[in-house]
Amino acid sequence: MIRWPRFLKGLLVSDAQADRVVPPSGYTARLTVFAAGAMAFLAVFALALSLASGRLAVRWGDELGRSATIRIAAPADQQQAQTEAALRILETTRGVQTARALTTDEQADLLAPWFGADLPLDALPVPQLIEVIETSEGMDPAGLRLRLAAEVPGAVLDDHSRWRAPLVKAASRLRLLGWTAIILIAAVMAAMVTLAANAALAANAQVIAVLRLVGATDSYIAQAFIRRFTLRALLGAFAGMALGMAAVSLMPRAGDETASFLTGLGFQGWHWLLPLVLPPLAAFVAFVATRLAARRTLEELS
Amino acid sequence: MIELENVAYSYGGGELLSDITLKLAPGSFHFLTGPSGAGKTTLMKLCYGALLPTAGQVRLFEADVRSLTRDDVAMVRRRVGVVHQDCQFLDHLPVRENVALPLHVSGRSQEAEGEDLNDLLHWVGLTERAHALPPELSGGERQRAALARAVIMSPDVVLADEPTGNVDWEMSQRLLRLLIELNRMGKTVLVATHDLSLIRATKSHVQARVLRIANRRIQLAGADL
């Protein structure tokens with residue numbers, strides 16, 4: 001039976017001889033280092049994806065949730081009067097922080113991507129847009145719609161809920177996918193380390209027999225293997241993490257993250273510290289995987 | 001110290017040992033002889049907990065072997081030095097580290113650097129070969145290294161399974177003298193060998209008992225050499 005306290009102490013306190021009793025093994029060592037490195041590299045990207053999509057979900061949820069648009073579609077001779085009436089209603093509407101009618105130039109800018117910059121807006125029956133910014137408490141869109149219907153017949157309130165919800169949902173799903181990828185990466189790494197540890201244990205059955213002959217406990221034998229695989233995983237994951245962070249930092253950036261999701265993929269502020277968790281996490285996964293493999297093998301060989 | 005009572009051992013449907021009763025008293029010297037395949041190695045393995053009897057009882061230092069955990073068996077093996085015919089070394093470690101291995105696995109690594117280890121290597125005549133790897137050793141050197149490893153923990157019992165199987169007559173005599181010397185130090189010694197001439201040659205040096213295994217049983221238990 002493996003005793004955890006002694007076991008952990010043995011793992012943390014270096015025993016040069018315990019490290020030497022297991023002969024250096026070529027491909028299992030390289031496999032473990034490579035697997036840990038590759039998984040940590042991928043995990044950095046999954047983490048970046050998850051954090052970036054999380055930021056987008058929050059931003060879209062906050063910013064779009066706090067804004068609304070009123071469209072005044074009235075005959076040309078009534079449009080100005082209805083716009084002023086709508087603004088008066090908004091001034092007295094609870095939860096509205098600011099409301100203003102867009103200028104002709106601003107509306108032309110909005111339409112320019114579709115109709116070109118030289119659009120003769122004066123000659124077209126374009127509805128007047130009013131931008132509404134809500135307070136943090138928010139307004140009551142249903143109540144506002146009733147008041148607008150009664151006093152401004154050409155007004156249509158759009159609180160963006162129709163397209164805000166799917167966007168926020170998509171960003172949240174993307175964040176979930178990122179975390180799922182990290183869990184899968186950890187599972188794959190555990191599987192790879194288990195395979196490598198099993199191969200090493202099987203290849204060293206004679207070494208185990210000798211150690212048992214001279215009075216080695218299961219803890220001592222297991223520790224020799226676990227320490228080796230844990231340190232390999234730590235080393236590989238550290239290298240993979242460093243490369244992953246370098247790759248993320250080299251990705252093209254844009255000033256406004258919402259402008260393009262891809263250019264916003266990365267870490268911000270203290271989030272740059274989060275990948276540092278990956279090497280210890282990889283070492284822990286290797287520790288558990290090797291421990292289970294060692295326990296199973298030592299029971300089989302007894 | 002080590003007691004077997006009505007022990008039987010079966011493997012693969014066949015009974016290898018049957019109704020074995022044996023007691024290794026402190027300070028005694030026993031030879032275990034018999035033809036190849038008679039079960040000498042199996043009996044030795046029963047004596048240090050490497051195998052469990054299929055019937056009867058094996059007591060190692062007063063404890064029933066069936067009640068021992070694997071860690072308990074490890075503790076028993078620190079009190080029983082074993083020399084195998086094939087020696088069983090860690091081939092990637094030099095002789096010195098192989099001999100000191102029991103100290104390391106029992107948490108006494110600092111003693112591996114002491115004079116006792118040098119004295120022990122000198123006693124078995126391996127001072128010059130201390131840094132050689134096991135595959136570089138001759139048969140006799142391997143056996144002497146295995147003997148040094150078996151006694152470095154100052155065990156109560158030394159079990160030697162065909163320790164002279166791969167060496168010439170002169171080296172056999174030398175190894176046997178080392179085992180006799182250990183017995184004079186108070187160690188209990190059990191030597192398994194099929195070489196009766198070796199037993200006869202020891203007659204004038206030690207009061208030993210010869211146990212012969214034949215037809216799955218100890219047939220001449222208690223016969224003095």
# chains A, B, ... in the order shown; residues from 1 in each chain; ligands from 1
>>> closest_atom_pairs(of="chain B", to="chain A", cutoff="7 Å", atoms="only C-alpha atoms", output="tab-separated table")
residue	atom	partner	partner_atom	distance
B:Asp71	CA	A:Thr217	CA	5.3
B:Ala74	CA	A:Gly215	CA	4.3
B:Met75	CA	A:Gly215	CA	6.1
B:Arg77	CA	A:Gly215	CA	4.9
B:Arg78	CA	A:Gly215	CA	5.1
B:Gln88	CA	A:Val210	CA	6.1
B:Phe89	CA	A:Val210	CA	6.6
B:Leu90	CA	A:Val207	CA	6.3
B:His92	CA	A:Pro23	CA	6.3
B:Pro102	CA	A:Val214	CA	5.2
B:Val105	CA	A:Ala216	CA	5.1
B:Ser106	CA	A:Ala216	CA	6.8
>>> write_last_selection(atoms="C-alpha atoms", output="mmCIF file, in the first residue's frame")
data_model
loop_
_atom_site.group_PDB
_atom_site.id
_atom_site.type_symbol
_atom_site.label_atom_id
_atom_site.label_comp_id
_atom_site.auth_asym_id
_atom_site.auth_seq_id
_atom_site.Cartn_x
_atom_site.Cartn_y
_atom_site.Cartn_z
ATOM 1 C CA ASP B 71 5.362 -3.608 3.160
ATOM 2 C CA ALA B 74 9.720 -5.767 2.556
ATOM 3 C CA MET B 75 10.647 -5.358 6.222
ATOM 4 C CA ARG B 77 13.567 -9.000 3.531
ATOM 5 C CA ARG B 78 15.695 -6.419 5.285
ATOM 6 C CA GLN B 88 19.963 -10.157 -9.932
ATOM 7 C CA PHE B 89 21.682 -6.787 -10.083
ATOM 8 C CA LEU B 90 20.703 -3.402 -11.415
ATOM 9 C CA HIS B 92 23.140 0.212 -14.902
ATOM 10 C CA PRO B 102 19.569 -2.363 0.636
ATOM 11 C CA VAL B 105 15.876 1.407 0.050
ATOM 12 C CA SER B 106 15.704 1.270 3.842
#
>>> residues_around(residues="segment 284-296 of chain A", least_positions_apart="5", cutoff="9 Å", atoms="only C-alpha atoms", output="CSV table (one decimal) with C-alpha atoms, in the first residue's frame")
chain,number,residue,atom,x,y,z
A,1,MET,CA,0.0,0.0,0.0
A,2,ILE,CA,1.3,3.5,-0.8
A,32,THR,CA,6.2,12.1,-21.8
A,36,ALA,CA,3.3,17.3,-21.8
A,186,ALA,CA,-5.6,17.0,-19.4
A,187,ALA,CA,-7.4,13.7,-20.0
A,189,MET,CA,-2.1,13.9,-21.3
A,190,ALA,CA,-3.1,11.6,-18.5
A,191,ALA,CA,-3.7,8.8,-21.0
A,193,VAL,CA,1.6,9.5,-19.4
A,194,THR,CA,-0.2,6.3,-18.2
A,195,LEU,CA,0.8,4.6,-21.4
A,196,ALA,CA,4.4,5.7,-21.0
A,197,ALA,CA,4.5,4.8,-17.3
A,198,ASN,CA,3.0,1.4,-18.0
A,201,LEU,CA,7.1,-0.2,-15.5
A,218,ASP,CA,6.0,-0.2,-2.8
A,221,ILE,CA,9.6,1.7,-6.0
A,222,ALA,CA,6.6,3.8,-7.0
A,223,GLN,CA,8.2,7.0,-6.0
A,225,PHE,CA,8.9,6.1,-11.3
A,226,ILE,CA,6.4,8.8,-10.2
A,227,ARG,CA,9.1,11.4,-9.5
A,229,PHE,CA,7.4,11.1,-14.8
A,230,THR,CA,6.1,14.0,-12.8
A,231,LEU,CA,9.3,16.0,-13.3
A,232,ARG,CA,9.3,15.1,-17.0
A,233,ALA,CA,5.7,16.3,-17.4
A,234,LEU,CA,6.6,19.5,-15.5
A,279,PRO,CA,2.9,23.1,-15.7
A,301,LEU,CA,3.9,-8.2,-10.0
>>> residues_around(residues="Ser67 of chain B", least_positions_apart="4", cutoff="12 Å", atoms="only C-alpha atoms", output="NGL selection string")
:B and (49 or 52 or 57-60 or 62-63 or 71-73)
>>> write_last_selection(atoms="C-alpha atoms", output="short mmCIF file (atom, residue, chain, number, x, y, z; two decimals), in the first residue's frame")
data_model
loop_
_atom_site.label_atom_id
_atom_site.label_comp_id
_atom_site.auth_asym_id
_atom_site.auth_seq_id
_atom_site.Cartn_x
_atom_site.Cartn_y
_atom_site.Cartn_z
CA GLY B 49 7.97 -14.46 1.54
CA LEU B 52 2.89 -18.09 -0.30
CA GLN B 57 2.01 -22.41 7.62
CA VAL B 58 5.13 -20.32 7.10
CA ARG B 59 6.22 -18.12 10.00
CA LEU B 60 8.82 -15.44 9.38
CA GLU B 62 7.04 -15.16 14.49
CA ALA B 63 4.56 -13.74 11.96
CA ASP B 71 5.36 -3.61 3.16
CA ASP B 72 5.69 -6.15 5.98
CA VAL B 73 7.33 -8.56 3.57
#
>>> closest_residue(among="B:Arg174, B:Lys203, B:His104, B:Lys187", to="Leu159 of chain B", atoms="only C-alpha atoms")
B:Lys187
>>> atom_distance(atom1="atom CA of Leu56 of chain A", atom2="atom CA of Thr135 of chain A")
20.8 Å
>>> atom_distance(atom1="atom CA of Ile72 of chain A", atom2="atom CA of Val152 of chain A")
8.3 Å
>>> residues_around(residues="Ala86 of chain A", least_positions_apart="4", cutoff="9 Å", atoms="only C-alpha atoms", output="list in words")
Ile70, Ile72, Ala81, Gln82, Leu90, Glu91, Ile130, Leu148, Glu151, Val152 and Ala155 of chain A
>>> closest_residue(among="A:Gly266, A:Pro125, A:Gly116, A:Gly37", to="Ala282 of chain A", atoms="only C-alpha atoms")
A:Gly37
>>> select_by_dssp(residues="segment 93-239 of chain A", states="alpha helix (DSSP H)", output="ChimeraX atom specification")
/A:104-115,141-151,161-203,205-213,218-239
>>> residues_around(residues="Leu87 of chain A", least_positions_apart="3", cutoff="8 Å", atoms="only C-alpha atoms", output="list in words")
Thr83, Glu84, Leu90, Glu91, Ala99, Arg100 and Ala101 of chain A
>>> write_last_selection(atoms="C-alpha atoms", output="short mmCIF file (atom, residue, chain, number, x, y, z; two decimals), in the first residue's frame")
data_model
loop_
_atom_site.label_atom_id
_atom_site.label_comp_id
_atom_site.auth_asym_id
_atom_site.auth_seq_id
_atom_site.Cartn_x
_atom_site.Cartn_y
_atom_site.Cartn_z
CA THR A 83 -38.71 62.83 -33.20
CA GLU A 84 -39.07 65.71 -30.74
CA LEU A 90 -37.46 59.63 -23.23
CA GLU A 91 -36.51 62.59 -21.01
CA ALA A 99 -31.17 59.93 -25.65
CA ARG A 100 -30.28 61.78 -28.82
CA ALA A 101 -31.29 61.83 -32.44
#
>>> residues_around(residues="Lys45 of chain B", least_positions_apart="6", cutoff="10 Å", atoms="only C-alpha atoms", output="ChimeraX atom specification")
/B:39,51-53,82,159,161
>>> closest_residue(among="B:Gln143, B:Gln110, B:Thr193, B:Gln219", to="Leu17 of chain B", atoms="only C-alpha atoms")
B:Gln219
>>> select_by_dssp(residues="segment 40-155 of chain B", states="strand (DSSP E or B)", output="CSV table (one decimal) with N, CA and C atoms, in the first residue's frame")
chain,number,residue,atom,x,y,z
B,55,ALA,N,-0.6,-24.7,1.2
B,55,ALA,CA,-1.2,-25.4,2.4
B,55,ALA,C,-0.1,-25.3,3.5
B,56,GLY,N,-0.5,-25.4,4.7
B,56,GLY,CA,0.5,-25.3,5.8
B,56,GLY,C,0.7,-23.9,6.2
B,57,GLN,N,1.7,-23.7,7.1
B,57,GLN,CA,2.0,-22.4,7.6
B,57,GLN,C,3.5,-22.1,7.5
B,58,VAL,N,3.8,-20.8,7.1
B,58,VAL,CA,5.1,-20.3,7.1
B,58,VAL,C,5.2,-19.2,8.1
B,59,ARG,N,6.1,-19.2,9.0
B,59,ARG,CA,6.2,-18.1,10.0
B,59,ARG,C,7.6,-17.5,9.8
B,60,LEU,N,7.6,-16.2,9.5
B,60,LEU,CA,8.8,-15.4,9.4
B,60,LEU,C,8.9,-14.5,10.6
B,63,ALA,N,5.8,-14.2,12.6
B,63,ALA,CA,4.6,-13.7,12.0
B,63,ALA,C,4.2,-14.7,10.8
B,64,ASP,N,2.9,-15.0,10.8
B,64,ASP,CA,2.4,-15.9,9.7
B,64,ASP,C,2.5,-15.1,8.4
B,80,VAL,N,16.5,-10.6,6.0
B,80,VAL,CA,16.9,-11.9,5.4
B,80,VAL,C,17.8,-11.5,4.1
B,81,GLY,N,19.0,-11.8,4.1
B,81,GLY,CA,19.8,-11.6,3.0
B,81,GLY,C,19.7,-12.7,2.0
B,82,VAL,N,19.5,-12.4,0.7
B,82,VAL,CA,19.3,-13.5,-0.3
B,82,VAL,C,20.3,-13.4,-1.4
B,83,VAL,N,20.9,-14.5,-1.7
B,83,VAL,CA,21.9,-14.6,-2.8
B,83,VAL,C,21.3,-15.6,-3.8
>>> closest_residue(among="B:Pro155, B:Pro135, B:Gly125, B:Gly34", to="Asp91 of chain B", atoms="only C-alpha atoms")
B:Pro135
>>> residues_around(residues="Arg55 of chain A", least_positions_apart="3", cutoff="10 Å", atoms="only C-alpha atoms", output="PyMOL selection string")
chain A and resi 49-52+58-61+171-172+175+257-258+264+268
